[in-house]
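Below you'll find the structure, written out as structure tokens, and then a few comments.
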Amino acid sequence: MRLVFAGTPAPALPSLRAFLESDHEVVAVVTRPDAPAGRGRKVERSPVAELAAEHGVEVLTPHKAGDPEFLARLRELAPDLCPVVAYGALLPESALAIPTHGWVNLHFSVLPAWRGAAPVQAAVRHGDDITGATTFRIVKALDAGPVFGVVTERVRERDTAGDLLGRLAESGARLLLSTVDGVADGSVRAVEQPEEGVSYAPKVTVDDGRLDFKLPAQTLDRVARAVTPDPGAWAEFRGERLKLGPVTPVDEQALPVGEVKVERRRVLVGTGTEPVALGEVQAQGKKRMAATDWARGVRIEAGERIS
């Protein structure tokens, strides 16, 4: 089949690689325009654009998928199907109508649970035991199209969103390739999603990463892992933002909320229940470091708190 692949960030790469190595023909990729990235905010191409360029595949970067120039080029390419993984922009009906077999999306949840922009983060934050990935035909309504296939994945006790997404990107790539293979030979059919069990996972913001130490330790653990690596967990110490890696609940006597207790091999912070142990921390203008190294450097006084 002639494919135009749509995707932008690194989690889309396993799927793109799978298609490049398959019998299908990737005639172009669609990705988000170049954007500032990293600490220096240097304008960079997306990971999908980089990989496509390495393989000599045409790269399309419309500002909007409804741009007339983009739609004209897509018609010229005449794709049979457009696989999508984390493209990051809405697809209008004018674009959806072009490929013969439509646009097939790989979504990182078991639909209809966690429709939306951040399904993996939502699964971790809410303490789900099982999540997965789903392939479905894109329709106008958000992540509501008929489903081709599903894979499931256990959420491990210490999974960050990044850990879980890494595994789902690999298993999802195999699912998406098998779905496209099945569409090509007519062996798979899409089934409408059930109306029950719908939930939504909106985009995660920097504010979502702020840790409120009045909450229970288990909640703080899930929140911190859900925003790791991006946008990252944080709190304030001495009036400045302090970035925090995942925190670990410990079975110890309770501390006052937010109070920091420095021990030889760990740094504890009081919560609404038992304390949590800090992992890595990063003060403003500093490198990431172990919490114990940070605590020794700032010389925390008795009774000081993180808020």
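Order determines the names: the first chain of the structure tokens is A, the second B, and so forth; residues in each chain are numbered 1 upward, and ligands are numbered 1 upward as they are shown.
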Within 10 Å of Ala173 in chain A, counting only C-alpha atoms, which residues show up once you throw out same-chain ones fewer than 6 positions away? Write them as a ChimeraX atom specification, please. /A:11-19,85,106,133,135,167,179
Residue subset to file, keeping N, CA, C and O atoms, as a short mmCIF file (atom, residue, chain, number, x, y, z; two decimals), in the first residue's frame:
```
data_model
loop_
_atom_site.label_atom_id
_atom_site.label_comp_id
_atom_site.auth_asym_id
_atom_site.auth_seq_id
_atom_site.Cartn_x
_atom_site.Cartn_y
_atom_site.Cartn_z
N PRO A 11 8.08 8.92 20.28
CA PRO A 11 7.26 7.70 20.35
C PRO A 11 6.67 7.25 19.01
O PRO A 11 6.21 6.11 18.90
N ALA A 12 6.68 8.12 18.01
CA ALA A 12 6.18 7.71 16.69
C ALA A 12 7.24 6.97 15.87
O ALA A 12 6.92 6.34 14.86
N LEU A 13 8.50 7.04 16.30
CA LEU A 13 9.58 6.47 15.49
C LEU A 13 9.50 4.95 15.32
O LEU A 13 9.76 4.46 14.21
N PRO A 14 9.19 4.16 16.36
CA PRO A 14 9.10 2.71 16.11
C PRO A 14 8.09 2.35 15.03
O PRO A 14 8.34 1.45 14.22
N SER A 15 6.99 3.08 14.97
CA SER A 15 5.99 2.80 13.93
C SER A 15 6.51 3.18 12.56
O SER A 15 6.36 2.43 11.58
N LEU A 16 7.14 4.35 12.45
CA LEU A 16 7.67 4.76 11.16
C LEU A 16 8.75 3.80 10.68
O LEU A 16 8.78 3.41 9.50
N ARG A 17 9.61 3.38 11.59
CA ARG A 17 10.65 2.40 11.21
C ARG A 17 10.02 1.11 10.72
O ARG A 17 10.48 0.50 9.73
N ALA A 18 8.96 0.67 11.40
CA ALA A 18 8.30 -0.57 10.99
C ALA A 18 7.77 -0.47 9.57
O ALA A 18 7.90 -1.42 8.77
N PHE A 19 7.19 0.66 9.21
CA PHE A 19 6.67 0.82 7.84
C PHE A 19 7.80 0.96 6.83
O PHE A 19 7.69 0.44 5.71
N VAL A 85 0.60 8.48 14.31
CA VAL A 85 1.06 8.25 15.68
C VAL A 85 1.49 9.60 16.26
O VAL A 85 2.51 10.16 15.85
N LEU A 106 -2.83 5.26 15.93
CA LEU A 106 -2.38 4.46 17.06
C LEU A 106 -2.50 5.34 18.30
O LEU A 106 -1.81 6.36 18.42
N ALA A 133 -2.70 -0.03 23.94
CA ALA A 133 -2.73 0.79 22.73
C ALA A 133 -3.83 0.27 21.82
O ALA A 133 -4.14 -0.93 21.82
N THR A 135 -5.64 0.73 17.77
CA THR A 135 -5.68 1.28 16.42
C THR A 135 -7.14 1.49 16.02
O THR A 135 -7.99 0.62 16.24
N ARG A 167 7.45 1.47 26.17
CA ARG A 167 7.03 0.10 25.86
C ARG A 167 5.83 0.09 24.91
O ARG A 167 5.76 -0.71 23.98
N THR A 179 -2.28 -3.94 11.69
CA THR A 179 -3.57 -3.38 11.29
C THR A 179 -3.54 -2.96 9.82
O THR A 179 -4.46 -3.27 9.05
#
```
Against range 283-288 of chain A, which residues of range 158-266 of chain A fall within 8 Å? For each one I want the closest pair of atoms and the distance in Å (one decimal), counting only C-alpha atoms, rows by chain and increasing residue number, as a tab-separated table.
```
residue	atom	partner	partner_atom	distance
A:Glu240	CA	A:Gln284	CA	7.2
A:Arg241	CA	A:Gln284	CA	6.5
A:Leu242	CA	A:Ala283	CA	4.9
A:Lys243	CA	A:Ala283	CA	6.4
```
Those same residues, written as an mmCIF file, in the first residue's frame with N, CA and C atoms?
```cif
data_model
loop_
_atom_site.group_PDB
_atom_site.id
_atom_site.type_symbol
_atom_site.label_atom_id
_atom_site.label_comp_id
_atom_site.auth_asym_id
_atom_site.auth_seq_id
_atom_site.Cartn_x
_atom_site.Cartn_y
_atom_site.Cartn_z
ATOM 1 N N GLU A 240 11.989 29.420 45.589
ATOM 2 C CA GLU A 240 12.388 29.111 44.220
ATOM 3 C C GLU A 240 11.869 27.735 43.816
ATOM 4 N N ARG A 241 11.666 27.580 42.510
ATOM 5 C CA ARG A 241 11.169 26.305 42.008
ATOM 6 C C ARG A 241 12.251 25.232 42.102
ATOM 7 N N LEU A 242 11.826 24.065 42.568
ATOM 8 C CA LEU A 242 12.717 22.918 42.696
ATOM 9 C C LEU A 242 12.110 21.765 41.905
ATOM 10 N N LYS A 243 12.791 21.342 40.835
ATOM 11 C CA LYS A 243 12.301 20.215 40.046
ATOM 12 C C LYS A 243 12.579 18.917 40.797
#
```
Can you pull out the residues contacting Thr160 in chain A? Cut-off 7 Å, using only C-alpha atoms, and skip same-chain residues under 4 positions away; I want them as a VMD selection string. chain A and resid 164 225 to 226 228
What is the CA of Glu93 in chain A to CA of Asn105 in chain A distance in Å?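 So the two atoms, CA of Glu93 in chain A and CA of Asn105 in chain A, lie 14.9 Å apart.
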Would you work out the distance separating CA of Gly127 in chain A from CA of Arg222 in chain A, expressed in Å to one decimal? 6.7 Å
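Proximity of A:Phe213, A:Phe108, A:Phe136, A:Trp234 to Gly172 in chain A, computed with only C-alpha atoms, is greatest for A:Phe108.
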Separation of CA of Ala141 in chain A from CA of Asp129 in chain A in Å: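 According to the coordinates, CA of Asp129 in chain A and CA of Ala141 in chain A are separated by 27.3 Å.
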Near-Pro202 in chain A list (6 Å; only C-alpha atoms; drop same-chain fewer than 2 positions) as a VMD selection string: chain A and resid 116 to 118
Which of A:Pro275, A:Pro36, A:Pro99, A:Gly232 sits closest to Gln218 in chain A [using only C-alpha atoms]: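 Under the stated criterion, the closest residue is A:Pro275.
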Test item: residues at most 8 Å from Ser46 in chain A, only C-alpha atoms, excluding those fewer than 3 positions along its chain, as a list in words: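 Within the cut-off, the hits are Thr8, Pro9, Thr31, Arg32, Pro33, Asp34, Ala35, Ala49 and Glu50 of chain A.
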Distance query Val262 in chain A at most 9 Å, only C-alpha atoms, self and fewer than 3 positions along chain excluded, as a list in words: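 Listed by chain and then number, they are Arg265, Arg266, Val267, Leu268, Val269, Thr292, Ala295, Arg296, Ile300 and Ala302 of chain A.
Checking A:Val188, A:Ile130, A:Val206, A:Val298 one by one against Pro146 in chain A, counting only C-alpha atoms, you find the shortest gap at A:Val188.
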Contact residues around range 23-26 of chain A with only C-alpha atoms at 6 Å, ignoring same-chain residues under 2 positions, as an MDAnalysis selection string: chainID A and resid 1:4 28
Alpha helix (DSSP H) call set, DSSP backbone run, range 12-242 of chain A, as a PyMOL selection string: chain A and resi 13-20+47-54+68-77+93-96+119-125+161-185+217-226
Just to be explicit: take each residue in the selection above, keep C-alpha atoms, and write the result as a short mmCIF file (atom, residue, chain, number, x, y, z; two decimals), in the first residue's frame.
```cif
data_model
loop_
_atom_site.label_atom_id
_atom_site.label_comp_id
_atom_site.auth_asym_id
_atom_site.auth_seq_id
_atom_site.Cartn_x
_atom_site.Cartn_y
_atom_site.Cartn_z
CA LEU A 13 9.58 6.47 15.49
CA PRO A 14 9.10 2.71 16.11
CA SER A 15 5.99 2.80 13.93
CA LEU A 16 7.67 4.76 11.16
CA ARG A 17 10.65 2.40 11.21
CA ALA A 18 8.30 -0.57 10.99
CA PHE A 19 6.67 0.82 7.84
CA LEU A 20 9.99 1.78 6.27
CA PRO A 47 12.22 13.27 15.29
CA VAL A 48 9.87 11.96 12.57
CA ALA A 49 11.15 14.52 10.08
CA GLU A 50 14.75 13.56 10.85
CA LEU A 51 14.14 9.85 10.33
CA ALA A 52 12.20 10.43 7.13
CA ALA A 53 14.96 12.63 5.73
CA GLU A 54 17.54 9.94 6.51
CA PRO A 68 -4.89 24.17 0.55
CA GLU A 69 -1.29 23.56 -0.52
CA PHE A 70 -0.99 20.57 1.78
CA LEU A 71 -4.30 19.09 0.66
CA ALA A 72 -3.31 19.48 -2.98
CA ARG A 73 0.00 17.68 -2.40
CA LEU A 74 -1.74 14.93 -0.45
CA ARG A 75 -4.10 14.36 -3.37
CA GLU A 76 -1.12 14.20 -5.74
CA LEU A 77 0.53 11.56 -3.53
CA GLU A 93 -12.62 16.26 7.08
CA SER A 94 -11.10 17.63 3.89
CA ALA A 95 -7.91 15.73 4.76
CA LEU A 96 -9.64 12.65 6.18
CA PRO A 119 -3.58 8.93 27.87
CA VAL A 120 -0.37 7.44 29.28
CA GLN A 121 0.02 10.19 31.87
CA ALA A 122 -3.62 9.71 32.87
CA ALA A 123 -3.19 5.96 33.32
CA VAL A 124 -0.22 6.47 35.64
CA ARG A 125 -1.79 9.36 37.57
CA ALA A 161 4.92 7.97 31.96
CA GLY A 162 8.12 7.86 29.92
CA ASP A 163 8.80 4.21 30.83
CA LEU A 164 5.30 3.12 29.95
CA LEU A 165 5.13 5.13 26.73
CA GLY A 166 8.43 3.62 25.61
CA ARG A 167 7.03 0.10 25.86
CA LEU A 168 3.71 1.05 24.28
CA ALA A 169 5.49 2.74 21.37
CA GLU A 170 7.16 -0.59 20.54
CA SER A 171 4.17 -2.89 21.01
CA GLY A 172 1.92 -0.30 19.38
CA ALA A 173 4.15 -0.18 16.32
CA ARG A 174 3.66 -3.90 15.80
CA LEU A 175 -0.09 -3.48 16.26
CA LEU A 176 -0.28 -0.60 13.77
CA LEU A 177 1.73 -2.49 11.15
CA SER A 178 -0.47 -5.58 11.54
CA THR A 179 -3.57 -3.38 11.29
CA VAL A 180 -2.38 -1.83 8.02
CA ASP A 181 -1.45 -5.29 6.74
CA GLY A 182 -4.95 -6.46 7.61
CA VAL A 183 -6.60 -3.51 5.89
CA ALA A 184 -4.49 -4.20 2.82
CA ASP A 185 -5.51 -7.85 2.54
CA ALA A 217 2.03 9.86 49.69
CA GLN A 218 0.58 7.36 47.21
CA THR A 219 -1.11 10.16 45.28
CA LEU A 220 2.10 12.21 45.14
CA ASP A 221 3.95 9.13 43.91
CA ARG A 222 1.52 8.67 41.02
CA VAL A 223 1.42 12.36 40.12
CA ALA A 224 5.22 12.62 40.02
CA ARG A 225 5.59 9.51 37.87
CA ALA A 226 2.82 10.70 35.55
#
```
According to DSSP computed on the backbone, where in range 56-106 of chain A is there strand (DSSP E)? Give the residues as number ranges by chain. A: 58-60, 82-85, 103-106
Using only C-alpha atoms, which residue out of A:Ala6, A:Ala254, A:Ala201, A:Val57 lies closest to Tyr87 in chain A? A:Ala6
